[in-house]
Structure formats: C-alpha cells, structure tokens
$ cat input.cif   # mmCIF, C-alpha atoms
data_protein
#
loop_
_atom_site.label_atom_id
_atom_site.label_comp_id
_atom_site.auth_asym_id
_atom_site.auth_seq_id
_atom_site.Cartn_x
_atom_site.Cartn_y
_atom_site.Cartn_z
CA MET X 1 17.36 -19.65 -14.34
CA ASP X 2 16.84 -22.15 -17.17
CA THR X 3 19.67 -22.73 -19.62
CA ILE X 4 19.53 -20.17 -22.43
CA THR X 5 20.37 -21.40 -25.90
CA LEU X 6 21.55 -19.31 -28.85
CA SER X 7 18.15 -19.67 -30.52
CA ASP X 8 16.46 -18.41 -27.36
CA PHE X 9 18.78 -15.43 -27.24
CA PHE X 10 17.94 -14.34 -30.78
CA GLY X 11 14.36 -15.62 -30.79
CA ILE X 12 11.55 -13.26 -31.76
CA GLU X 13 8.67 -15.02 -29.99
CA ASP X 14 9.06 -13.10 -26.74
CA ALA X 15 9.48 -9.83 -28.61
CA THR X 16 6.32 -10.34 -30.71
CA ALA X 17 4.42 -11.29 -27.57
CA LEU X 18 4.91 -7.69 -26.41
CA LEU X 19 2.63 -6.61 -29.24
CA ASP X 20 -0.33 -8.65 -27.95
CA PRO X 21 -3.41 -6.44 -28.57
CA SER X 22 -5.01 -7.56 -25.29
CA SER X 23 -2.16 -5.96 -23.35
CA PHE X 24 -2.98 -2.57 -24.86
CA VAL X 25 -6.64 -3.07 -23.97
CA PHE X 26 -5.73 -3.69 -20.34
CA LEU X 27 -3.34 -0.73 -20.38
CA ALA X 28 -6.20 1.51 -21.51
CA LEU X 29 -8.45 -0.05 -18.88
CA SER X 30 -5.82 0.62 -16.21
CA ILE X 31 -5.60 4.28 -17.19
CA LEU X 32 -9.40 4.48 -17.03
CA ILE X 33 -9.37 2.93 -13.54
CA LEU X 34 -6.77 5.44 -12.34
CA TRP X 35 -9.00 8.23 -13.63
CA ILE X 36 -12.02 6.69 -11.89
CA GLY X 37 -9.97 6.51 -8.69
CA LYS X 38 -9.21 10.21 -9.00
CA MET X 39 -12.89 11.02 -9.54
CA VAL X 40 -13.91 8.89 -6.52
CA ASN X 41 -11.33 10.70 -4.40
CA ASP X 42 -12.70 14.06 -5.56
CA PHE X 43 -16.20 12.96 -4.58
CA CYS X 44 -15.16 11.65 -1.15
CA THR X 45 -12.95 14.56 -0.07
CA PRO X 46 -14.19 18.06 0.85
CA TYR X 47 -11.54 19.93 -1.12
CA SER X 48 -10.70 20.50 -4.76
CA LEU X 49 -7.65 18.48 -5.72
CA GLY X 50 -6.87 20.70 -8.70
CA GLU X 51 -7.04 23.88 -6.66
CA GLU X 52 -4.91 22.46 -3.84
CA LEU X 53 -2.22 21.14 -6.18
CA THR X 54 -1.99 24.06 -8.59
CA SER X 55 -3.37 27.26 -7.06
CA LYS X 56 -2.16 26.59 -3.52
CA ASP X 57 0.86 24.37 -4.28
CA ASN X 58 -0.24 22.13 -1.40
CA LYS X 59 2.52 19.55 -1.06
CA ALA X 60 0.74 17.73 1.77
CA ILE X 61 -2.15 16.92 -0.55
CA ALA X 62 0.36 15.98 -3.25
CA VAL X 63 2.08 13.47 -0.94
CA SER X 64 -1.21 11.93 0.16
CA PHE X 65 -2.65 11.74 -3.35
CA SER X 66 0.58 10.27 -4.73
CA GLY X 67 0.30 7.46 -2.19
CA TYR X 68 -3.34 6.97 -3.18
CA MET X 69 -2.55 6.68 -6.89
CA LEU X 70 0.36 4.34 -6.21
CA ALA X 71 -1.96 2.25 -4.06
CA ILE X 72 -4.46 1.91 -6.92
CA SER X 73 -1.60 0.82 -9.19
CA ILE X 74 -0.53 -1.82 -6.64
CA ILE X 75 -4.10 -3.16 -6.52
CA LEU X 76 -4.18 -3.25 -10.33
CA TRP X 77 -0.88 -5.12 -10.29
CA GLY X 78 -2.46 -7.79 -8.11
CA VAL X 79 -5.69 -7.96 -10.09
CA LEU X 80 -3.94 -8.27 -13.46
CA ARG X 81 -2.01 -11.29 -12.13
CA GLN X 82 -5.24 -12.99 -11.05
CA ASP X 83 -5.92 -16.35 -12.67
CA ILE X 84 -9.46 -17.26 -13.70
CA PRO X 85 -10.03 -21.03 -14.01
CA VAL X 86 -10.69 -21.87 -17.66
CA GLU X 87 -12.92 -24.79 -16.63
CA ASP X 88 -15.40 -22.29 -15.14
CA LEU X 89 -16.00 -20.72 -18.56
CA PRO X 90 -18.62 -21.76 -21.13
CA ASN X 91 -17.41 -24.07 -23.88
CA VAL X 92 -18.43 -21.59 -26.57
CA ASN X 93 -15.45 -19.52 -27.72
CA PRO X 94 -13.52 -19.93 -24.42
CA GLY X 95 -10.75 -17.55 -25.50
CA LYS X 96 -13.16 -14.66 -26.02
CA GLN X 97 -15.07 -15.54 -22.86
CA LEU X 98 -11.86 -15.55 -20.83
CA PHE X 99 -10.79 -12.19 -22.28
CA LEU X 100 -14.15 -10.56 -21.48
CA ARG X 101 -14.20 -12.08 -18.02
CA ASP X 102 -10.68 -10.81 -17.36
CA ILE X 103 -11.81 -7.31 -18.28
CA GLY X 104 -14.85 -7.57 -16.02
CA ALA X 105 -12.80 -8.97 -13.13
CA THR X 106 -10.17 -6.25 -13.49
CA LEU X 107 -12.79 -3.51 -13.42
CA LEU X 108 -14.76 -5.06 -10.54
CA TRP X 109 -11.81 -5.78 -8.26
CA SER X 110 -10.16 -2.45 -8.96
CA LEU X 111 -13.34 -0.54 -8.08
CA PHE X 112 -13.69 -2.65 -4.93
CA GLY X 113 -10.08 -1.83 -4.04
CA ILE X 114 -10.68 1.90 -4.59
CA ALA X 115 -13.67 1.73 -2.24
CA LEU X 116 -11.53 0.02 0.41
CA LEU X 117 -8.86 2.71 0.05
CA GLN X 118 -11.47 5.34 0.81
CA ILE X 119 -12.42 3.38 3.93
CA ALA X 120 -8.71 3.27 4.84
CA ARG X 121 -8.61 7.08 4.55
CA ILE X 122 -11.49 7.37 7.03
CA ILE X 123 -9.85 4.91 9.44
CA ASN X 124 -6.64 6.91 9.17
CA ASP X 125 -8.53 10.06 10.16
CA LYS X 126 -10.76 8.63 12.89
CA VAL X 127 -8.50 5.98 14.43
CA LEU X 128 -4.85 6.06 13.38
CA LEU X 129 -4.48 9.86 13.69
CA ARG X 130 -7.54 10.40 15.86
CA ARG X 131 -6.34 13.40 17.85
CA PHE X 132 -6.80 15.85 15.01
CA SER X 133 -8.63 16.28 11.72
CA ASN X 134 -6.65 15.01 8.75
CA VAL X 135 -8.53 17.31 6.39
CA LYS X 136 -7.66 20.38 8.47
CA GLU X 137 -4.01 19.36 8.68
CA LEU X 138 -3.81 18.68 4.95
CA VAL X 139 -5.77 21.66 3.66
CA GLU X 140 -5.32 24.47 6.17
CA ASP X 141 -1.90 23.63 7.62
CA GLN X 142 -0.53 21.86 4.52
CA ASN X 143 0.96 19.32 6.92
CA ILE X 144 3.29 17.06 4.93
CA GLY X 145 3.65 14.68 7.89
CA THR X 146 -0.08 13.94 7.84
CA GLY X 147 0.07 13.44 4.08
CA ALA X 148 2.96 10.99 4.50
CA VAL X 149 1.08 8.91 7.07
CA GLN X 150 -2.01 8.85 4.87
CA ALA X 151 0.09 7.83 1.86
CA GLY X 152 1.77 5.05 3.86
CA ALA X 153 -1.59 3.72 5.02
CA TYR X 154 -2.87 3.75 1.44
CA ILE X 155 0.16 1.83 0.16
CA GLY X 156 0.21 -0.66 3.04
CA SER X 157 -3.52 -1.32 2.59
CA ALA X 158 -3.04 -1.77 -1.16
CA PHE X 159 -0.43 -4.48 -0.64
CA MET X 160 -2.88 -6.36 1.58
CA ILE X 161 -5.67 -6.01 -0.99
CA GLN X 162 -3.51 -7.15 -3.90
CA ALA X 163 -2.28 -10.13 -1.86
CA ALA X 164 -5.87 -11.22 -1.21
CA THR X 165 -6.65 -11.08 -4.95
CA TYR X 166 -3.39 -12.74 -6.03
CA GLY X 167 -3.44 -16.09 -7.81
CA GLU X 168 -6.39 -18.23 -8.76
CA THR X 169 -9.89 -17.26 -7.66
CA SER X 170 -12.09 -19.65 -5.69
CA GLY X 171 -14.86 -19.57 -8.29
CA SER X 172 -17.22 -17.83 -5.87
CA LEU X 173 -17.28 -14.04 -6.22
CA GLY X 174 -19.02 -13.56 -2.87
CA ARG X 175 -16.46 -15.69 -1.05
CA ASP X 176 -13.53 -13.90 -2.70
CA ILE X 177 -14.97 -10.51 -1.74
CA LEU X 178 -15.46 -11.61 1.88
CA VAL X 179 -11.90 -12.96 2.06
CA THR X 180 -10.49 -9.72 0.66
CA LEU X 181 -12.61 -7.69 3.06
CA ALA X 182 -11.43 -9.82 5.99
CA TYR X 183 -7.78 -9.29 5.14
CA PHE X 184 -8.40 -5.57 4.69
CA VAL X 185 -9.89 -5.40 8.21
CA VAL X 186 -6.87 -7.32 9.50
CA SER X 187 -4.52 -4.82 7.83
CA GLN X 188 -6.25 -1.83 9.41
CA LEU X 189 -6.16 -3.49 12.83
CA ALA X 190 -2.49 -4.30 12.29
CA PHE X 191 -1.75 -0.65 11.46
CA VAL X 192 -3.46 0.52 14.66
CA LEU X 193 -1.62 -2.06 16.80
CA PHE X 194 1.68 -1.20 15.14
CA ALA X 195 1.06 2.49 15.78
CA MET X 196 0.68 1.70 19.49
CA VAL X 197 3.97 -0.22 19.53
CA TYR X 198 5.70 2.48 17.48
CA GLN X 199 4.55 5.12 19.96
CA LYS X 200 5.82 3.09 22.91
CA LEU X 201 9.24 2.74 21.31
CA SER X 202 9.51 6.43 20.44
CA ALA X 203 10.75 9.04 22.89
CA TYR X 204 8.35 11.61 21.43
CA ASP X 205 4.59 11.85 21.06
CA LEU X 206 3.89 10.86 17.45
CA HIS X 207 0.53 12.65 17.24
CA ASP X 208 1.87 15.86 18.76
CA GLU X 209 4.87 15.95 16.44
CA ILE X 210 2.74 15.39 13.34
CA GLU X 211 0.20 18.00 14.46
CA ARG X 212 3.08 20.46 14.93
CA ASP X 213 3.86 20.04 11.22
CA ASN X 214 6.86 17.81 11.82
CA ALA X 215 7.26 16.21 8.40
CA ALA X 216 10.03 13.92 9.65
CA ALA X 217 7.76 12.23 12.20
CA GLY X 218 5.06 11.57 9.63
CA LEU X 219 7.50 10.45 6.94
CA GLY X 220 9.24 7.85 9.11
CA PHE X 221 5.97 6.43 10.42
CA GLY X 222 4.20 6.52 7.04
CA ILE X 223 6.93 4.63 5.17
CA THR X 224 7.10 2.07 7.95
CA LEU X 225 3.34 1.51 7.61
CA SER X 226 3.99 0.61 3.98
CA ALA X 227 6.61 -1.88 5.17
CA VAL X 228 4.07 -3.48 7.52
CA GLY X 229 1.70 -3.90 4.58
CA ILE X 230 4.43 -5.51 2.46
CA ILE X 231 5.37 -7.93 5.24
CA LEU X 232 1.81 -9.01 6.00
CA SER X 233 0.89 -9.34 2.31
CA SER X 234 3.78 -11.74 1.75
CA TYR X 235 2.22 -14.12 4.25
CA ILE X 236 -1.27 -13.85 2.74
CA VAL X 237 0.07 -14.82 -0.70
CA SER X 238 1.44 -18.11 0.65
CA SER X 239 -0.96 -18.98 3.48
CA SER X 240 -4.55 -18.37 4.59
CA SER X 241 -4.18 -18.99 8.33
CA ILE X 242 -5.28 -16.00 10.42
CA LEU X 243 -3.47 -17.42 13.47
CA GLY X 244 -0.30 -17.76 11.43
CA LEU X 245 -0.73 -14.20 10.19
CA ALA X 246 -1.08 -12.95 13.77
CA LEU X 247 2.13 -14.74 14.79
CA TRP X 248 3.88 -13.40 11.68
CA PHE X 249 2.76 -9.89 12.62
CA VAL X 250 4.25 -10.22 16.13
CA ILE X 251 7.54 -11.52 14.72
CA CYS X 252 7.78 -8.75 12.15
CA VAL X 253 6.92 -5.97 14.60
CA PHE X 254 9.75 -7.24 16.77
CA LEU X 255 12.15 -7.29 13.81
CA LEU X 256 11.10 -3.81 12.67
CA SER X 257 11.74 -2.58 16.21
CA VAL X 258 15.18 -4.18 16.17
CA CYS X 259 15.81 -2.54 12.79
CA ARG X 260 14.93 0.87 14.21
CA PHE X 261 17.25 0.25 17.16
CA ALA X 262 20.06 -0.76 14.78
CA ILE X 263 19.65 2.44 12.78
CA ASP X 264 19.84 4.44 15.99
CA ARG X 265 22.99 2.72 17.22
CA PHE X 266 24.98 1.93 14.08
CA ILE X 267 23.82 4.05 11.14
CA LEU X 268 23.19 7.32 13.02
CA PRO X 269 25.47 6.93 16.05
CA GLY X 270 26.17 10.63 16.48
CA SER X 271 22.66 11.55 17.65
CA PRO X 272 19.62 9.51 18.77
CA LEU X 273 17.13 8.88 15.97
CA ASP X 274 14.28 10.18 18.10
CA ASP X 275 16.11 13.47 18.66
CA GLU X 276 16.84 13.82 14.97
CA ILE X 277 13.14 13.39 14.20
CA SER X 278 11.51 15.28 17.07
CA LYS X 279 14.04 18.03 17.85
CA ASP X 280 15.89 18.58 14.60
CA ARG X 281 12.94 17.58 12.37
CA ASN X 282 15.48 15.81 10.21
CA TRP X 283 13.41 14.20 7.46
CA GLY X 284 16.60 12.69 6.05
CA ALA X 285 16.94 10.54 9.18
CA ALA X 286 13.25 9.62 8.90
CA LEU X 287 13.77 8.64 5.27
CA ILE X 288 16.63 6.33 6.29
CA GLU X 289 14.38 4.76 8.93
CA GLY X 290 11.62 4.15 6.39
CA ALA X 291 13.98 2.85 3.69
CA ALA X 292 15.50 0.37 6.15
CA ALA X 293 12.00 -0.81 7.10
CA ILE X 294 11.05 -1.32 3.43
CA GLY X 295 14.31 -3.17 2.78
CA LEU X 296 13.75 -5.42 5.79
CA ALA X 297 10.19 -6.10 4.63
CA LEU X 298 11.39 -7.22 1.19
CA ILE X 299 14.09 -9.44 2.70
CA LEU X 300 11.68 -11.08 5.18
CA SER X 301 9.13 -11.63 2.42
CA THR X 302 11.72 -13.52 0.39
CA LEU X 303 13.36 -15.49 3.21
CA PHE X 304 10.19 -16.81 4.83
CA HIS X 305 7.69 -16.91 1.95
CA SER X 306 9.69 -17.65 -1.21
#
$ encode --input "input.cif" --output "structure tokens"
Amino acid sequence: MDTITLSDFFGIEDATALLDPSSFVFLALSILILWIGKMVNDFCTPYSLGEELTSKDNKAIAVSFSGYMLAISIILWGVLRQDIPVEDLPNVNPGKQLFLRDIGATLLWSLFGIALLQIARIINDKVLLRRFSNVKELVEDQNIGTGAVQAGAYIGSAFMIQAATYGETSGSLGRDILVTLAYFVVSQLAFVLFAMVYQKLSAYDLHDEIERDNAAAGLGFGITLSAVGIILSSYIVSSSSILGLALWFVICVFLLSVCRFAIDRFILPGSPLDDEISKDRNWGAALIEGAAAIGLALILSTLFHS
C-alpha cells in the first residue's frame, strides 16, 4: 500500500469520483442486462420461472436460477473491467467515442456470455448429469441437488468467461470472440473430466445420489465445480498457453482431491465424508467440502498467479 498522507485521508477527490454520471449509466445497463438474462432463460426453459418460484415454492429452481443470475453478474464484472485501447478510437471527441464504445462492448459481451451460459445449461443436462433429465428433476421432483450442480456449473463457467474478457482487448472482435469461445469449451471439458475424477474418489455413485434427491451430494459437487472455474480462470488472466492450462488443471485437481481427503481425516474425523453425504444426506458436511474447495481455489489463485 502506498504511503497515505493527511491530505489524502481527508481528500474529496475520491469521494466525488463516486458521483461520476457514467457509473450510474453502467449500473442501469447492468440491471437491464440482468433482466435480459432472465428473459432469455424464460425463453430457453420449458417452465414458468414465476410459477415455479411463487406458486410451487420450487427451491430447486431457485437454487439453479440464483447461480445463473450470479453467473451473469460475474461476467458483467469481467466485462466492466475490460480496457479498450484509446488509440483504436477516432480522433473526433475521443472521450465520447470511448464512452459509447464501452456501452456497446458491455452489452455485446454480456449477451454473448448469457448465450454461453445457456449452452452450459444444455451441457450440464446432456453430458455432466447425463443419466437423467435436469428439467424433470428440477420441475417435477424439485431436486435441490440438481439445482446446486447446475448453479455451480453456471458460476464456474462465468469465471472462465470473465477471465477471457479481462484486461485489454486485442482490437479484433472476431478474434476475441473465438478466444472466449475456446476457453469456454475448455471449461466445459474440464468440468466433465473433473466429474470423472470426483466420481472415482467418491465411495458413492454421484448420479444416483443426486437422482434420489440427495441435496448434499449435489451441493458438495456443485460448489466444487465453482472452485474449478475460479482456479482455471486465474490462469487464463495471467497466461494464454493451453498446455500450461492443462498442466494447471491436473495440479489443481490433485490439490482439490487432497483437500477433500484432509476434510475427511481432520475436519470431520468422526465419520467418513462420503458416509455423511450419501447415507446421512448431511448437507452441512457437503457445505464444508465446498467452502474448503472455494477457499483453496482463492489461495491457489493468489499464490501462483498474483
């Protein structure tokens, strides 16, 4: 931290900067994008969100949709930090041009991110949880475990998308879109591979437990998917090597596995973690597993990519 002087401490420049009119414009734009995301979700899903949340009190849909809205916010967070090179702008009124281009870029990239989240939902249904229909589990069975996995996939995917849009653009919209799309594909492949490893390390059948409405199984796995997204996104922000990303993924899967083992042996020594999740359906134990994974992800992101 830089040395703070008395004049800095009582200065009003930073306070007045909070009243920048452009910030309120982007706040309104962000609210609009969240509403558009909701409308897109309504169009792409075969159920009525309002009816499920209010008339039926469907908590599974609530968990899934909460993850979806948080994912859109994460993408917005990345887009709003995006730098557009001033030298690429016309010389006429560059401040106004930059402001308008920022608005256009925010809207474009956010809509692109929303579209990718809908693709992530389909991949979740057809690949990640392929043994059953996500819609049936969410709507008919009100399966919170399925909602938790879907929410985790949304959030993990969003971290990958925001990492791809972080920083200065290349100046080529087509290239930036292809790069973002490539990293999104990598994230979905990483989720599928991680699911295979997670299943091998678990003493229970993940799909069966989730299908049997075991919220604990879905909660632990879903939060850990978010952790995978955080870990991988930290690498993308600092490096563009796909080979390096693959190696980083292997290292982090190993460390997440060690973390799960440590929880089993040291934090919950009285009963195996797998038994707590599969037999007792203890969502508290699953929450501890997920929280530890998120914490490890944040620590690894700082230690290796600061």
$ closest_residue --input "input.cif" --among "X:Asp280, X:Gln142, X:Ala216, X:Ala285" --to "X:Ile267" --atoms "only C-alpha atoms"
X:Ala285
$ atom_distance --input "input.cif" --atom1 "atom CA of X:Ile231" --atom2 "atom CA of X:Gly156"
9.2 Å
$ closest_residue --input "input.cif" --among "X:Trp77, X:Phe65, X:Tyr47, X:Tyr198" --to "X:Lys136" --atoms "only C-alpha atoms"
X:Tyr47
$ residues_around --input "input.cif" --residues "X:Gln188" --least-positions-apart "6" --cutoff "9 Å" --atoms "only C-alpha atoms" --output "ChimeraX atom specification"
/X:120,123-124,128,153,157
$ write_last_selection --input "input.cif" --atoms "C-alpha atoms" --output "PDB file, in the coordinates of the input"
ATOM      1  CA  ALA X 120      -8.710   3.270   4.840  1.00  0.00           C
ATOM      2  CA  ILE X 123      -9.850   4.910   9.440  1.00  0.00           C
ATOM      3  CA  ASN X 124      -6.640   6.910   9.170  1.00  0.00           C
ATOM      4  CA  LEU X 128      -4.850   6.060  13.380  1.00  0.00           C
ATOM      5  CA  ALA X 153      -1.590   3.720   5.020  1.00  0.00           C
ATOM      6  CA  SER X 157      -3.520  -1.320   2.590  1.00  0.00           C
TER       7      SER X 157
END
$ resolve_selection --input "input.cif" --expression "the PyMOL selection byres ((chain X and resi 298) around 12)" --output "list in words"
Ser226, Ala227, Val228, Gly229, Ile230, Ile231, Leu232, Ser233, Ser234, Tyr235, Cys252, Leu256, Ala291, Ala292, Ala293, Ile294, Gly295, Leu296, Ala297, Ile299, Leu300, Ser301, Thr302, Leu303, Phe304, His305 and Ser306 of chain X
$ atom_distance --input "input.cif" --atom1 "atom CA of X:Gln118" --atom2 "atom CA of X:Pro46"
13.0 Å
$ atom_distance --input "input.cif" --atom1 "atom CA of X:Asp141" --atom2 "atom CA of X:Ile114"
26.4 Å
$ resolve_selection --input "input.cif" --expression "the PyMOL selection byres ((chain X and resi 273) around 10)" --output "PyMOL selection string"
chain X and resi 202-203+260-261+263-265+267-272+274-280+282+285-286+289
$ residues_around --input "input.cif" --residues "X:Ser133" --least-positions-apart "6" --cutoff "12 Å" --atoms "all atoms listed in the file" --output "list in words"
Arg121, Ile122, Ile123, Asn124, Asp125, Lys126, Val127, Val139, Glu140, Asp141, Asn143, Thr146, Gly147, His207, Ile210 and Glu211 of chain X
$ closest_residue --input "input.cif" --among "X:Ile33, X:Ile288, X:Val258, X:Ala148" --to "X:Ala62" --atoms "all atoms listed in the file"
X:Ala148
$ closest_residue --input "input.cif" --among "X:Phe112, X:Phe24, X:Phe43, X:Trp248" --to "X:Ile72" --atoms "all atoms listed in the file"
X:Phe112
$ residues_near_point --input "input.cif" --point "(-4.8, 13.4, 20.0)" --cutoff "8 Å" --atoms "all atoms listed in the file" --output "list in words"
Leu129, Arg130, Arg131, Phe132, His207 and Asp208 of chain X
$ write_last_selection --input "input.cif" --atoms "C-alpha atoms" --output "PDB file, in the coordinates of the input"
ATOM      1  CA  LEU X 129      -4.480   9.860  13.690  1.00  0.00           C
ATOM      2  CA  ARG X 130      -7.540  10.400  15.860  1.00  0.00           C
ATOM      3  CA  ARG X 131      -6.340  13.400  17.850  1.00  0.00           C
ATOM      4  CA  PHE X 132      -6.800  15.850  15.010  1.00  0.00           C
ATOM      5  CA  HIS X 207       0.530  12.650  17.240  1.00  0.00           C
ATOM      6  CA  ASP X 208       1.870  15.860  18.760  1.00  0.00           C
TER       7      ASP X 208
END
$ closest_residue --input "input.cif" --among "X:Leu255, X:Ile155, X:Ile36, X:Val135" --to "X:Phe191" --atoms "all atoms listed in the file"
X:Ile155
$ axis_aligned_box --input "input.cif" --around "stretch 17-33 of chain X" --padding-each-side "5 Å" --output "lines of an AutoDock Vina configuration file"
center_x = -2.2
center_y = -3.4
center_z = -21.4
size_x = 24.3
size_y = 25.8
size_z = 25.7
$ residues_around --input "input.cif" --residues "X:Ala195" --least-positions-apart "6" --cutoff "10 Å" --atoms "only C-alpha atoms" --output "list in words"
Leu128, Leu129, Leu189, Leu201, Leu206, Phe221, Thr224 and Leu225 of chain X
$ residues_around --input "input.cif" --residues "X:Ala246" --least-positions-apart "4" --cutoff "12 Å" --atoms "all atoms listed in the file" --output "list in words"
Tyr183, Val186, Ser187, Leu189, Ala190, Leu193, Ile231, Leu232, Tyr235, Ile236, Ser239, Ser240, Ser241, Ile242, Val250, Ile251, Cys252 and Val253 of chain X
$ closest_residue --input "input.cif" --among "X:Phe184, X:Phe249, X:Phe159, X:Trp35" --to "X:Ala71" --atoms "all atoms listed in the file"
X:Phe159
$ decode --input "input.cif" --residues "stretch 114-123 of chain X" --atoms "all heavy atoms" --output "PDB file, in the first residue's frame"
ATOM      1  N   ILE X 114     -24.309 -14.546 -21.767  1.00  0.00           N
ATOM      2  CA  ILE X 114     -25.608 -15.151 -21.457  1.00  0.00           C
ATOM      3  C   ILE X 114     -25.882 -16.332 -22.388  1.00  0.00           C
ATOM      4  O   ILE X 114     -26.369 -17.386 -21.964  1.00  0.00           O
ATOM      5  CB  ILE X 114     -26.723 -14.098 -21.564  1.00  0.00           C
ATOM      6  CG1 ILE X 114     -26.614 -13.099 -20.405  1.00  0.00           C
ATOM      7  CG2 ILE X 114     -28.103 -14.746 -21.553  1.00  0.00           C
ATOM      8  CD1 ILE X 114     -27.534 -11.906 -20.541  1.00  0.00           C
ATOM      9  N   ALA X 115     -25.552 -16.161 -23.676  1.00  0.00           N
ATOM     10  CA  ALA X 115     -25.734 -17.255 -24.635  1.00  0.00           C
ATOM     11  C   ALA X 115     -24.877 -18.461 -24.262  1.00  0.00           C
ATOM     12  O   ALA X 115     -25.329 -19.613 -24.319  1.00  0.00           O
ATOM     13  CB  ALA X 115     -25.386 -16.774 -26.042  1.00  0.00           C
ATOM     14  N   LEU X 116     -23.638 -18.205 -23.827  1.00  0.00           N
ATOM     15  CA  LEU X 116     -22.758 -19.306 -23.421  1.00  0.00           C
ATOM     16  C   LEU X 116     -23.283 -20.001 -22.167  1.00  0.00           C
ATOM     17  O   LEU X 116     -23.147 -21.223 -22.018  1.00  0.00           O
ATOM     18  CB  LEU X 116     -21.340 -18.784 -23.185  1.00  0.00           C
ATOM     19  CG  LEU X 116     -20.579 -18.297 -24.423  1.00  0.00           C
ATOM     20  CD1 LEU X 116     -19.180 -17.829 -24.037  1.00  0.00           C
ATOM     21  CD2 LEU X 116     -20.496 -19.385 -25.486  1.00  0.00           C
ATOM     22  N   LEU X 117     -23.884 -19.252 -21.258  1.00  0.00           N
ATOM     23  CA  LEU X 117     -24.455 -19.863 -20.057  1.00  0.00           C
ATOM     24  C   LEU X 117     -25.603 -20.804 -20.418  1.00  0.00           C
ATOM     25  O   LEU X 117     -25.780 -21.849 -19.787  1.00  0.00           O
ATOM     26  CB  LEU X 117     -24.952 -18.782 -19.091  1.00  0.00           C
ATOM     27  CG  LEU X 117     -23.874 -17.964 -18.371  1.00  0.00           C
ATOM     28  CD1 LEU X 117     -24.521 -16.911 -17.480  1.00  0.00           C
ATOM     29  CD2 LEU X 117     -22.959 -18.862 -17.551  1.00  0.00           C
ATOM     30  N   GLN X 118     -26.372 -20.450 -21.425  1.00  0.00           N
ATOM     31  CA  GLN X 118     -27.445 -21.330 -21.860  1.00  0.00           C
ATOM     32  C   GLN X 118     -26.881 -22.607 -22.479  1.00  0.00           C
ATOM     33  O   GLN X 118     -27.430 -23.706 -22.306  1.00  0.00           O
ATOM     34  CB  GLN X 118     -28.357 -20.609 -22.859  1.00  0.00           C
ATOM     35  CG  GLN X 118     -29.182 -19.494 -22.247  1.00  0.00           C
ATOM     36  CD  GLN X 118     -30.113 -19.983 -21.148  1.00  0.00           C
ATOM     37  OE1 GLN X 118     -30.660 -21.073 -21.216  1.00  0.00           O
ATOM     38  NE2 GLN X 118     -30.291 -19.153 -20.115  1.00  0.00           N
ATOM     39  N   ILE X 119     -25.759 -22.474 -23.179  1.00  0.00           N
ATOM     40  CA  ILE X 119     -25.084 -23.670 -23.708  1.00  0.00           C
ATOM     41  C   ILE X 119     -24.560 -24.522 -22.556  1.00  0.00           C
ATOM     42  O   ILE X 119     -24.644 -25.761 -22.585  1.00  0.00           O
ATOM     43  CB  ILE X 119     -23.941 -23.265 -24.650  1.00  0.00           C
ATOM     44  CG1 ILE X 119     -24.512 -22.549 -25.886  1.00  0.00           C
ATOM     45  CG2 ILE X 119     -23.122 -24.481 -25.070  1.00  0.00           C
ATOM     46  CD1 ILE X 119     -23.448 -21.995 -26.809  1.00  0.00           C
ATOM     47  N   ALA X 120     -24.035 -23.865 -21.516  1.00  0.00           N
ATOM     48  CA  ALA X 120     -23.546 -24.595 -20.340  1.00  0.00           C
ATOM     49  C   ALA X 120     -24.682 -25.373 -19.683  1.00  0.00           C
ATOM     50  O   ALA X 120     -24.476 -26.499 -19.191  1.00  0.00           O
ATOM     51  CB  ALA X 120     -22.923 -23.618 -19.338  1.00  0.00           C
ATOM     52  N   ARG X 121     -25.884 -24.795 -19.659  1.00  0.00           N
ATOM     53  CA  ARG X 121     -27.047 -25.498 -19.091  1.00  0.00           C
ATOM     54  C   ARG X 121     -27.350 -26.775 -19.878  1.00  0.00           C
ATOM     55  O   ARG X 121     -27.627 -27.830 -19.294  1.00  0.00           O
ATOM     56  CB  ARG X 121     -28.262 -24.571 -19.097  1.00  0.00           C
ATOM     57  CG  ARG X 121     -29.534 -25.207 -18.556  1.00  0.00           C
ATOM     58  CD  ARG X 121     -30.700 -24.237 -18.626  1.00  0.00           C
ATOM     59  NE  ARG X 121     -30.934 -23.753 -19.979  1.00  0.00           N
ATOM     60  CZ  ARG X 121     -31.591 -24.451 -20.905  1.00  0.00           C
ATOM     61  NH1 ARG X 121     -32.068 -25.650 -20.622  1.00  0.00           N
ATOM     62  NH2 ARG X 121     -31.773 -23.943 -22.102  1.00  0.00           N
ATOM     63  N   ILE X 122     -27.260 -26.697 -21.197  1.00  0.00           N
ATOM     64  CA  ILE X 122     -27.521 -27.870 -22.042  1.00  0.00           C
ATOM     65  C   ILE X 122     -26.450 -28.933 -21.825  1.00  0.00           C
ATOM     66  O   ILE X 122     -26.750 -30.135 -21.720  1.00  0.00           O
ATOM     67  CB  ILE X 122     -27.584 -27.453 -23.522  1.00  0.00           C
ATOM     68  CG1 ILE X 122     -28.770 -26.507 -23.751  1.00  0.00           C
ATOM     69  CG2 ILE X 122     -27.696 -28.674 -24.433  1.00  0.00           C
ATOM     70  CD1 ILE X 122     -28.807 -25.899 -25.133  1.00  0.00           C
ATOM     71  N   ILE X 123     -25.185 -28.499 -21.744  1.00  0.00           N
ATOM     72  CA  ILE X 123     -24.090 -29.447 -21.496  1.00  0.00           C
ATOM     73  C   ILE X 123     -24.266 -30.113 -20.145  1.00  0.00           C
ATOM     74  O   ILE X 123     -24.027 -31.314 -19.980  1.00  0.00           O
ATOM     75  CB  ILE X 123     -22.736 -28.721 -21.590  1.00  0.00           C
ATOM     76  CG1 ILE X 123     -22.498 -28.261 -23.031  1.00  0.00           C
ATOM     77  CG2 ILE X 123     -21.598 -29.625 -21.121  1.00  0.00           C
ATOM     78  CD1 ILE X 123     -21.260 -27.406 -23.200  1.00  0.00           C
TER      79      ILE X 123
END
